[in-house]
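start.cif, holding mmCIF, C-alpha atoms:
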```
data_work
loop_
_atom_site.label_atom_id
_atom_site.label_comp_id
_atom_site.auth_asym_id
_atom_site.auth_seq_id
_atom_site.Cartn_x
_atom_site.Cartn_y
_atom_site.Cartn_z
CA MET X 26 77.09 89.09 24.88
CA LYS X 27 80.59 90.24 24.00
CA GLU X 28 81.79 92.90 26.47
CA LYS X 29 83.00 96.24 25.22
CA SER X 30 86.67 97.11 25.17
CA LYS X 31 87.87 100.33 26.77
CA GLN X 32 88.19 101.94 23.33
CA ASP X 33 84.60 100.96 22.59
CA PHE X 34 83.57 102.87 25.70
CA VAL X 35 85.02 106.08 24.28
CA SER X 36 83.19 105.74 20.98
CA TYR X 37 80.02 104.59 22.68
CA ALA X 38 80.01 107.50 25.09
CA ASN X 39 80.81 110.28 22.66
CA SER X 40 79.05 109.31 19.45
CA PHE X 41 75.73 110.63 20.75
CA GLN X 42 77.17 114.14 20.62
CA THR X 43 76.79 114.13 16.83
CA VAL X 44 73.22 112.75 16.89
CA ILE X 45 71.05 114.51 19.45
CA ASN X 46 67.69 112.80 19.83
CA LEU X 47 65.49 114.36 22.50
CA GLY X 48 62.42 112.64 23.94
CA LEU X 49 61.43 110.45 26.88
CA GLU X 50 59.83 107.45 25.16
CA ARG X 51 63.07 105.50 24.60
CA ILE X 52 64.63 106.18 28.01
CA THR X 53 61.34 105.28 29.70
CA ALA X 54 61.21 101.93 27.88
CA LEU X 55 64.88 101.30 28.62
CA LEU X 56 64.51 101.98 32.33
CA ASN X 57 61.41 99.79 32.47
CA CYS X 58 63.62 96.92 31.28
CA ALA X 59 66.13 97.76 34.04
CA GLY X 60 63.47 97.81 36.78
CA ASN X 61 63.14 101.61 36.98
CA PRO X 62 66.12 102.25 39.30
CA GLN X 63 65.54 106.03 39.05
CA ASP X 64 62.32 105.72 41.07
CA LYS X 65 64.28 104.36 44.03
CA LEU X 66 66.80 107.21 44.21
CA SER X 67 66.77 110.60 45.99
CA VAL X 68 67.80 113.14 43.38
CA ILE X 69 68.80 116.79 43.08
CA HIS X 70 68.12 117.69 39.44
CA VAL X 71 70.25 120.44 37.86
CA ALA X 72 69.52 122.19 34.54
CA GLY X 73 70.62 125.46 32.93
CA THR X 74 72.86 126.78 30.17
CA ASN X 75 76.07 127.64 32.03
CA GLY X 76 77.49 126.47 35.34
CA LYS X 77 75.70 123.12 35.73
CA GLY X 78 78.89 121.13 36.17
CA SER X 79 80.32 123.50 38.77
CA VAL X 80 77.06 123.59 40.76
CA CYS X 81 76.99 119.79 40.72
CA ALA X 82 80.60 119.67 41.91
CA PHE X 83 79.89 122.05 44.81
CA LEU X 84 76.77 120.12 45.82
CA GLN X 85 78.43 116.73 45.63
CA THR X 86 81.29 117.81 47.88
CA MET X 87 78.95 119.46 50.41
CA LEU X 88 76.73 116.38 50.59
CA THR X 89 79.69 114.02 50.86
CA LYS X 90 81.05 116.17 53.69
CA SER X 91 77.71 115.79 55.46
CA GLY X 92 78.16 112.02 55.48
CA LYS X 93 75.76 111.21 52.66
CA LYS X 94 76.88 108.73 50.03
CA THR X 95 76.54 110.97 46.99
CA GLY X 96 76.37 109.96 43.35
CA LYS X 97 77.01 112.47 40.57
CA PHE X 98 76.11 112.19 36.90
CA ILE X 99 77.55 114.79 34.49
CA SER X 100 78.43 115.20 30.82
CA PRO X 101 80.50 115.47 28.81
CA ASN X 102 83.69 113.96 30.20
CA MET X 103 86.98 115.81 29.94
CA ILE X 104 89.57 113.01 29.88
CA ARG X 105 88.01 109.66 30.83
CA VAL X 106 84.45 108.54 30.15
CA ASN X 107 84.35 107.27 33.74
CA GLU X 108 84.19 110.90 34.95
CA ARG X 109 80.50 110.99 34.02
CA ILE X 110 79.49 108.64 36.82
CA SER X 111 81.04 108.98 40.27
CA ILE X 112 80.28 108.45 43.96
CA ASP X 113 81.81 110.78 46.55
CA GLY X 114 84.26 111.99 43.93
CA VAL X 115 85.44 108.48 42.93
CA GLU X 116 84.79 107.60 39.29
CA ILE X 117 83.06 104.37 38.31
CA ALA X 118 85.57 101.53 37.78
CA ASP X 119 86.13 100.09 34.31
CA THR X 120 84.80 96.70 35.43
CA ASP X 121 81.51 98.19 36.63
CA LEU X 122 81.23 100.35 33.55
CA ASN X 123 81.86 97.36 31.29
CA ARG X 124 79.34 95.19 33.12
CA LEU X 125 76.57 97.80 33.22
CA LEU X 126 77.00 98.96 29.63
CA SER X 127 76.70 95.34 28.53
CA LYS X 128 73.61 94.87 30.73
CA ILE X 129 71.87 97.95 29.36
CA GLU X 130 72.89 97.15 25.79
CA SER X 131 71.10 93.79 26.07
CA TYR X 132 67.80 95.68 26.46
CA LEU X 133 68.21 97.72 23.27
CA PRO X 134 66.49 95.31 20.85
CA LYS X 135 63.40 95.24 23.07
CA VAL X 136 63.33 99.03 23.30
CA LYS X 137 63.61 99.33 19.52
CA ALA X 138 60.76 96.87 19.08
CA GLU X 139 58.57 98.92 21.45
CA THR X 140 59.45 102.44 20.31
CA GLY X 141 60.75 101.98 16.77
CA GLU X 142 64.11 103.56 17.68
CA LEU X 143 67.28 102.59 19.47
CA PRO X 144 68.12 104.67 22.57
CA SER X 145 70.76 107.34 22.08
CA GLN X 146 74.14 106.88 23.70
CA PHE X 147 73.25 109.53 26.28
CA GLU X 148 70.14 107.57 27.20
CA VAL X 149 72.23 104.43 27.64
CA TRP X 150 74.63 106.34 29.90
CA THR X 151 71.76 107.76 31.92
CA ALA X 152 70.39 104.26 32.49
CA VAL X 153 73.84 102.96 33.46
CA ALA X 154 74.22 105.78 36.00
CA PHE X 155 70.86 105.10 37.64
CA CYS X 156 71.63 101.37 37.89
CA TYR X 157 75.06 102.03 39.38
CA PHE X 158 73.82 104.51 41.99
CA LEU X 159 71.08 102.12 43.10
CA GLU X 160 73.49 99.17 43.28
CA ARG X 161 75.78 101.21 45.51
CA ASN X 162 72.93 102.41 47.76
CA CYS X 163 73.57 106.12 47.26
CA ASP X 164 71.81 108.36 49.77
CA VAL X 165 71.44 111.12 47.21
CA VAL X 166 72.28 111.69 43.53
CA VAL X 167 73.27 115.02 41.94
CA LEU X 168 71.94 114.72 38.41
CA GLU X 169 72.93 117.07 35.58
CA THR X 170 70.74 117.35 32.50
CA GLY X 171 72.39 116.70 29.17
CA LEU X 172 70.49 119.13 26.92
CA GLY X 173 67.50 121.27 27.82
CA GLY X 174 65.30 119.71 30.46
CA ARG X 175 61.76 118.97 29.34
CA PHE X 176 62.73 116.18 26.92
CA ASP X 177 66.17 115.42 28.36
CA ALA X 178 66.76 111.76 29.24
CA THR X 179 67.34 112.66 32.90
CA ASN X 180 63.82 114.07 33.17
CA VAL X 181 62.35 110.67 34.00
CA ILE X 182 62.78 111.66 37.65
CA LYS X 183 59.27 111.97 39.07
CA LYS X 184 59.86 113.51 42.50
CA PRO X 185 63.33 114.97 43.10
CA LEU X 186 64.37 116.44 46.45
CA CYS X 187 64.71 119.77 44.67
CA THR X 188 65.41 121.20 41.24
CA VAL X 189 68.14 123.72 40.41
CA ILE X 190 68.30 125.95 37.33
CA THR X 191 71.56 127.76 36.64
CA ARG X 192 72.13 130.78 34.37
CA ILE X 193 69.97 130.55 31.24
CA ALA X 194 71.42 131.90 27.99
CA ILE X 195 71.12 131.38 24.24
CA ASP X 196 72.54 127.97 23.32
CA HIS X 197 71.53 124.92 21.26
CA VAL X 198 68.96 127.02 19.38
CA ALA X 199 68.25 124.21 16.89
CA TYR X 200 66.90 122.08 19.72
CA LEU X 201 65.74 124.48 22.43
CA GLY X 202 64.53 127.57 20.57
CA ASP X 203 65.95 130.89 19.48
CA THR X 204 64.84 133.11 22.37
CA ILE X 205 65.63 133.20 26.07
CA ALA X 206 61.95 132.58 26.84
CA LYS X 207 61.79 129.45 24.68
CA ILE X 208 65.02 128.07 26.15
CA ALA X 209 63.85 128.86 29.69
CA TYR X 210 60.64 126.94 29.01
CA GLU X 211 62.65 123.86 28.03
CA LYS X 212 64.86 124.15 31.13
CA ALA X 213 61.78 124.66 33.30
CA GLY X 214 60.63 121.21 32.22
CA ILE X 215 62.47 119.72 35.20
CA ILE X 216 60.27 121.64 37.69
CA LYS X 217 57.99 119.17 39.48
CA GLU X 218 54.77 119.45 41.46
CA ASN X 219 55.39 120.69 45.03
CA VAL X 220 59.18 120.30 44.66
CA PRO X 221 61.34 123.33 45.61
CA LEU X 222 63.09 125.15 42.77
CA VAL X 223 66.33 127.02 43.39
CA THR X 224 67.56 129.51 40.81
CA LEU X 225 69.36 132.85 40.57
CA PRO X 226 68.22 136.30 39.40
CA GLN X 227 67.75 135.53 35.70
CA ASP X 228 67.19 137.67 32.64
CA ALA X 229 63.65 139.10 32.93
CA GLU X 230 62.31 136.86 30.13
CA ALA X 231 63.73 133.74 31.71
CA MET X 232 62.60 134.66 35.21
CA THR X 233 59.03 135.23 34.08
CA VAL X 234 58.92 131.75 32.54
CA LEU X 235 60.39 130.09 35.64
CA GLN X 236 58.01 131.94 37.94
CA ASP X 237 55.00 130.97 35.82
CA VAL X 238 55.94 127.28 35.65
CA ALA X 239 56.80 127.17 39.37
CA LYS X 240 53.42 128.71 40.20
CA GLU X 241 51.62 126.26 37.93
CA LYS X 242 53.41 123.34 39.63
CA ASN X 243 52.99 124.74 43.16
CA ALA X 244 56.78 124.56 43.41
CA PRO X 245 58.28 126.82 46.13
CA LEU X 246 60.71 129.18 44.38
CA PHE X 247 63.98 130.23 46.04
CA VAL X 248 66.16 132.86 44.35
CA THR X 249 69.75 133.37 45.47
CA LYS X 250 70.69 136.44 47.48
CA THR X 251 73.33 138.90 46.34
CA PRO X 252 76.73 137.69 47.61
CA VAL X 253 79.27 140.11 49.06
CA VAL X 254 82.51 139.64 47.16
CA GLY X 255 85.88 139.83 48.90
CA ASN X 256 89.43 139.82 47.54
CA PRO X 257 90.43 136.71 45.57
CA GLU X 258 93.16 134.34 46.69
CA LYS X 259 94.94 134.02 43.33
CA CYS X 260 92.08 132.81 41.05
CA TYR X 261 89.92 131.58 43.91
CA GLU X 262 87.17 133.90 45.06
CA THR X 263 86.25 134.73 48.64
CA PHE X 264 82.76 135.98 49.47
CA SER X 265 79.95 136.03 52.00
CA TYR X 266 76.44 134.74 51.44
CA GLY X 267 73.77 135.78 53.89
CA ASP X 268 74.96 134.78 57.37
CA LEU X 269 77.81 132.68 55.93
CA ARG X 270 80.98 134.78 56.04
CA ASN X 271 84.42 134.48 54.43
CA LEU X 272 83.67 131.54 52.14
CA ILE X 273 86.28 130.30 49.66
CA CYS X 274 85.50 128.79 46.24
CA GLY X 275 87.51 125.67 45.43
CA ILE X 276 86.82 126.17 41.71
CA SER X 277 88.52 129.19 40.16
CA GLY X 278 86.86 132.02 38.29
CA TYR X 279 84.84 135.10 39.18
CA HIS X 280 81.64 133.54 37.82
CA GLN X 281 81.97 130.67 40.31
CA ILE X 282 80.55 132.97 43.00
CA GLU X 283 77.22 132.73 41.18
CA ASN X 284 77.46 128.94 40.93
CA ALA X 285 78.56 128.62 44.55
CA SER X 286 75.64 130.78 45.68
CA LEU X 287 73.24 128.44 43.89
CA ALA X 288 74.82 125.44 45.60
CA ILE X 289 74.66 127.17 49.00
CA GLU X 290 70.99 128.08 48.63
CA THR X 291 70.23 124.49 47.59
CA ALA X 292 72.21 123.12 50.54
CA LEU X 293 70.31 125.42 52.91
CA GLN X 294 67.02 124.07 51.56
CA LEU X 295 68.36 120.57 52.31
CA ASN X 296 69.25 121.69 55.87
CA LEU X 297 72.99 121.14 55.53
CA SER X 298 75.03 122.77 58.27
CA GLU X 299 77.41 125.68 57.78
CA ASP X 300 80.51 123.52 58.28
CA TYR X 301 79.50 121.11 55.51
CA ILE X 302 78.69 123.99 53.17
CA ARG X 303 81.92 125.84 53.94
CA ASP X 304 84.17 122.77 53.62
CA GLY X 305 82.35 121.54 50.53
CA LEU X 306 82.82 124.86 48.75
CA LYS X 307 86.50 125.00 49.54
CA GLU X 308 87.28 121.42 48.57
CA ALA X 309 85.18 121.19 45.40
CA ARG X 310 87.06 120.53 42.17
CA HIS X 311 85.99 120.73 38.54
CA ILE X 312 88.68 120.40 35.90
CA GLY X 313 88.74 122.58 32.82
CA ARG X 314 87.34 125.67 34.52
CA LEU X 315 89.91 128.47 34.43
CA GLU X 316 92.55 125.82 35.10
CA LEU X 317 96.27 126.56 34.85
CA VAL X 318 97.18 123.28 33.18
CA GLU X 319 100.81 124.23 32.60
CA GLU X 320 102.91 127.30 33.25
CA ARG X 321 101.45 130.06 31.07
CA ILE X 322 98.70 127.83 29.62
CA LEU X 323 95.23 128.46 30.98
CA PHE X 324 92.23 126.35 29.96
CA ASP X 325 88.62 127.41 30.34
CA GLY X 326 85.52 125.60 29.11
CA ALA X 327 83.86 128.81 27.84
CA HIS X 328 81.99 127.78 24.68
CA ASN X 329 79.15 130.26 24.24
CA LEU X 330 78.50 133.99 24.66
CA ASN X 331 77.71 133.79 28.37
CA GLY X 332 80.78 131.66 29.02
CA MET X 333 83.07 133.99 27.07
CA LEU X 334 81.76 137.02 28.95
CA ALA X 335 82.50 135.22 32.23
CA LEU X 336 85.97 134.28 30.99
CA LYS X 337 86.74 137.88 30.04
CA LYS X 338 85.65 139.11 33.45
CA SER X 339 87.91 136.57 35.15
CA LEU X 340 90.90 137.35 32.91
CA ASP X 341 90.47 141.09 33.52
CA ARG X 342 90.32 140.42 37.27
CA TYR X 343 93.22 137.98 37.65
CA TYR X 344 95.52 138.89 34.74
CA PRO X 345 94.80 142.59 34.07
CA ASP X 346 98.29 143.52 32.89
CA THR X 347 99.20 140.25 31.16
CA GLU X 348 99.33 139.98 27.37
CA LYS X 349 97.26 137.06 26.14
CA ILE X 350 96.92 134.91 23.05
CA PHE X 351 93.96 132.60 22.50
CA VAL X 352 93.91 129.06 21.09
CA SER X 353 90.35 128.04 20.28
CA ALA X 354 88.05 125.50 18.71
CA PHE X 355 84.27 125.73 18.53
CA MET X 356 81.40 123.40 17.75
CA LYS X 357 79.46 124.34 14.61
CA ASP X 358 76.18 124.81 16.48
CA LYS X 359 77.48 127.51 18.83
CA ASP X 360 77.05 131.30 18.62
CA ILE X 361 80.63 131.66 17.46
CA LYS X 362 80.51 135.19 16.04
CA GLU X 363 78.98 136.70 19.18
CA SER X 364 81.31 134.70 21.44
CA LEU X 365 84.45 135.85 19.64
CA ALA X 366 83.28 139.46 19.57
CA VAL X 367 83.75 139.52 23.36
CA PHE X 368 87.50 139.46 22.69
CA SER X 369 87.53 141.88 19.76
CA GLY X 370 91.07 143.07 19.06
CA GLU X 371 92.72 139.93 20.47
CA THR X 372 94.69 137.32 18.52
CA PHE X 373 93.23 133.82 18.10
CA TYR X 374 94.90 130.68 16.79
CA PHE X 375 92.09 128.45 15.55
CA VAL X 376 92.13 124.65 15.50
CA SER X 377 89.54 121.88 15.34
CA VAL X 378 88.83 119.25 17.98
CA SER X 379 90.25 115.91 16.89
CA ASP X 380 87.81 113.19 15.82
CA ASN X 381 84.72 115.35 16.32
CA GLU X 382 82.34 115.90 13.42
CA ARG X 383 80.65 118.83 15.18
CA SER X 384 83.89 120.82 15.31
CA GLU X 385 84.03 123.86 13.02
CA THR X 386 87.02 124.07 10.66
CA PRO X 387 89.88 126.45 11.53
CA GLU X 388 89.41 128.16 8.16
CA ASN X 389 85.75 128.92 8.85
CA LEU X 390 86.64 130.09 12.35
CA CYS X 391 89.14 132.54 10.85
CA ARG X 392 86.43 133.94 8.59
CA ILE X 393 83.95 134.25 11.45
CA GLY X 394 86.67 135.65 13.69
CA ASN X 395 87.53 138.40 11.22
CA GLU X 396 83.84 139.39 11.15
CA SER X 397 83.92 139.49 14.96
CA GLY X 398 86.94 141.76 15.16
CA VAL X 399 89.56 139.25 16.28
CA PHE X 400 92.81 138.51 14.46
CA GLY X 401 92.58 134.85 13.48
CA SER X 402 95.03 132.32 12.09
CA ALA X 403 94.22 128.72 11.14
CA PHE X 404 96.38 125.84 12.36
CA SER X 405 96.32 122.21 11.29
CA ASP X 406 96.39 120.88 14.85
CA LEU X 407 96.61 121.90 18.48
CA LYS X 408 100.28 120.98 18.83
CA THR X 409 101.32 123.41 16.09
CA ALA X 410 99.08 126.16 17.46
CA ILE X 411 100.39 125.80 21.04
CA SER X 412 104.00 125.80 19.80
CA ALA X 413 103.41 129.00 17.84
CA ALA X 414 101.59 130.57 20.78
CA LYS X 415 104.48 129.75 23.14
CA GLU X 416 106.87 131.63 20.88
CA THR X 417 104.94 134.85 21.57
CA GLY X 418 105.76 134.65 25.29
CA LYS X 419 102.16 135.60 26.13
CA LEU X 420 99.71 133.87 28.46
CA ILE X 421 98.00 131.18 26.34
CA VAL X 422 94.26 130.92 26.93
CA VAL X 423 92.71 127.75 25.49
CA CYS X 424 88.91 128.00 25.19
CA GLY X 425 85.89 127.60 22.92
CA SER X 426 85.03 123.96 23.56
CA LEU X 427 85.20 121.61 26.53
CA TYR X 428 86.15 118.88 24.06
CA LEU X 429 89.44 120.65 23.38
CA TYR X 430 90.56 119.77 26.91
CA MET X 431 91.32 116.15 26.04
CA ASP X 432 93.44 117.18 23.06
CA LEU X 433 95.39 119.58 25.30
CA TRP X 434 95.75 117.02 28.08
CA ASN X 435 97.08 114.40 25.62
CA LEU X 436 99.57 116.93 24.23
CA ILE X 437 100.87 117.86 27.69
CA GLU X 438 101.17 114.20 28.71
CA LYS X 439 103.18 113.41 25.57
CA ASN X 440 105.49 116.34 26.27
CA LYS X 441 106.02 115.09 29.84
CA LYS X 442 107.05 111.65 28.57
CA LYS X 443 109.58 113.23 26.22
#
```
If you took the structure in this file and wrote it as structure tokens, what would it be?
Amino acid sequence: MKEKSKQDFVSYANSFQTVINLGLERITALLNCAGNPQDKLSVIHVAGTNGKGSVCAFLQTMLTKSGKKTGKFISPNMIRVNERISIDGVEIADTDLNRLLSKIESYLPKVKAETGELPSQFEVWTAVAFCYFLERNCDVVVLETGLGGRFDATNVIKKPLCTVITRIAIDHVAYLGDTIAKIAYEKAGIIKENVPLVTLPQDAEAMTVLQDVAKEKNAPLFVTKTPVVGNPEKCYETFSYGDLRNLICGISGYHQIENASLAIETALQLNLSEDYIRDGLKEARHIGRLELVEERILFDGAHNLNGMLALKKSLDRYYPDTEKIFVSAFMKDKDIKESLAVFSGETFYFVSVSDNERSETPENLCRIGNESGVFGSAFSDLKTAISAAKETGKLIVVCGSLYLYMDLWNLIEKNKKK
């Protein structure tokens, strides 16, 4: 079989974002062809609406610090598709990616014959990740769900070490439901019989659902304690959690205290020592989260109401007296009006994400923005919007979609070469 080129990898990895196809029948058949590598792995399964990637980053670093060979599977990628699959912070090499994608692709005709459908790209990536982690003899795998939980491709894991559910909020209503309770039920699909569940104090609706499912599954439920927040070091928070004092977050943003607390509680359930927890928190990295990518250009992956509220809290905390201008793109299926209303009165320059069919048009964003109380202008591309924003002399905050990060990164790299 002809191997995929690097450009093919990009298309192959990202095309699934426009065609979401939930269900476990295809991934189950695909993994059967591959020898069910997932059944031979020790997994920490992470679901939720916001904060999954950061919690996974904290956990991976803590576990690596403890001496465990730790795989991590996340999505989407920010710059390189290889970011999705890593071991101890090192991304999968192109050669391994090429080889495993070709291997998994060879099973697709058989899966289609059995199920009547081809696996989605996300299902292919999930299978590749499991195969890679087993090949490399990972001691533990930190596994992030793609969408939801109950019918997410990662939910083929039968007996994880523990499950983790981050903040639950309204998102992906077309697939997960239009209420917190319905969405929580989908996320709770990862809870397994007699397997500990770690979560945080959720909205009452969500917490009731999680408690009910945990009880039904005889899953011990651990809810994070209230952390004691200290003074930040620039954008990096310091806090104490239980008996652990003066901890430092390696990922910036006020909301990271919540994510870090989840990772700490999970690590405590796994009997990790204080030193590994402390060092892992401090050294964790997760690009695109309140990241100062260039002088006076801040990027944050906030893309829904909960994320925008967290972004506002962080901006008010770290840049209280700084004038800001926002450059944003949003996916069509997001709660755009409610998200923008968080920054009512602010100025937004709207763009679309390049080569992404899900991206809303700048013109529509302007219309929605005006209804939300922001002052919007449409721009043909990110380069033009950033140039105009720089002329204002204000702090530029790029947000609204994680996919916008690659466009920004490419623009900055081109400017460096000039």
Target residues per the PyMOL selection byres ((chain X and resi 214) around 12), formatted as an NGL selection string:
:X and (70-73 or 170 or 172-183 or 188-190 or 201 or 207-213 or 215-218 or 222 or 234-235 or 237-239 or 241-242)
Which residue, X:Asn107, X:Thr291, X:Ser405, X:Ser91, has the smallest gap to X:Val153 when you use only C-alpha atoms?
X:Asn107
Could you write out as lines of an AutoDock Vina configuration file the box around stretch 115-119 of chain X (axis-aligned, all atoms listed in the file, 6 Å on each side), with centre and edge lengths in Å to one decimal?
```
center_x = 84.6
center_y = 104.3
center_z = 38.6
size_x = 15.1
size_y = 20.4
size_z = 20.6
```
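Applied to this file, the PyMOL selection byres ((chain X and resi 418) around 10) selects Arg321, Glu348, Lys349, Ile350, Ala413, Ala414, Lys415, Glu416, Thr417, Lys419, Leu420 and Ile421 of chain X.
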Residues picked by the PyMOL selection byres ((chain X and resi 357-371) around 6) here, as a list in words?
Asn329, Leu330, Met333, Met356, Thr372, Arg383, Ser384, Glu385, Ile393, Ser397, Gly398 and Val399 of chain X
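Atom CA of X:Arg392 is found 26.2 Å from atom CA of X:Asp341.
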From (75.5, 110.8, 52.3), in the file's coordinates, out to 10 Å: which residues are reached, counting only C-alpha atoms? Answer as a ChimeraX atom specification.
/X:85,87-96,112-113,162-166
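Of the listed residues X:Ala410, X:Ile205, X:Val68, X:Leu56, the one whose atoms come nearest to X:Cys81 is X:Val68, with distances taken using all atoms listed in the file.
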Name the residues in contact with X:Arg192 at a cut-off of 10 Å, using all atoms listed in the file, excluding same-chain residues fewer than 3 positions from it; report them as a PyMOL selection string.
chain X and resi 72-77+209+224-228+231+283-284+287+331
Which residue is closest to X:Pro62? Choose from X:Lys135, X:Glu160, X:Glu108, X:Glu148 and count all atoms listed in the file.
X:Glu160
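Nearest-residue note for X:Lys65: choosing from X:Leu436, X:Ala118, X:Leu159, X:Ile129, the minimum distance belongs to X:Leu159, counting all atoms listed in the file.
Put simply, atom CA of X:Lys307 is 20.8 Å away from atom CA of X:Leu323.
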Polymer residues at most 7 Å from X:Gly401, all atoms listed in the file, same-chain spacing of 6 or more positions, as JSON, numbers by chain:
{"X": [372, 373, 374, 375, 391, 394, 395]}
Identify, on the basis of only C-alpha atoms, every residue whose closest approach to X:Gly425 does not exceed 7 Å; exclude the query and any residue fewer than 6 positions from it along the same chain; express the result as number ranges by chain.
X: 326-328, 353-355
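Across X:Glu130, X:Asp432, X:Asp304, X:Asp380, the tightest approach to X:Leu272 is made by X:Asp304 when counting only C-alpha atoms.
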Set the distance at 6 Å and use only C-alpha atoms: which residues neighbour X:Phe98 once local chain neighbours fewer than 3 positions away are removed? I'd like the list as JSON, numbers by chain.
{"X": [109, 110, 168, 169]}
Restricted to C-alpha atoms, what would the selected residues look like written as an mmCIF file, in the coordinates of the input?
```
data_model
loop_
_atom_site.group_PDB
_atom_site.id
_atom_site.type_symbol
_atom_site.label_atom_id
_atom_site.label_comp_id
_atom_site.auth_asym_id
_atom_site.auth_seq_id
_atom_site.Cartn_x
_atom_site.Cartn_y
_atom_site.Cartn_z
ATOM 1 C CA ARG X 109 80.500 110.990 34.020
ATOM 2 C CA ILE X 110 79.490 108.640 36.820
ATOM 3 C CA LEU X 168 71.940 114.720 38.410
ATOM 4 C CA GLU X 169 72.930 117.070 35.580
#
```
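Taking atom CA of X:Lys439 and atom CA of X:Val318 as endpoints, the distance between them is 13.8 Å.
Of the listed residues X:Val223, X:Leu429, X:Cys58, X:Trp150, the one whose atoms come nearest to X:Tyr132 is X:Cys58, with distances taken using only C-alpha atoms.
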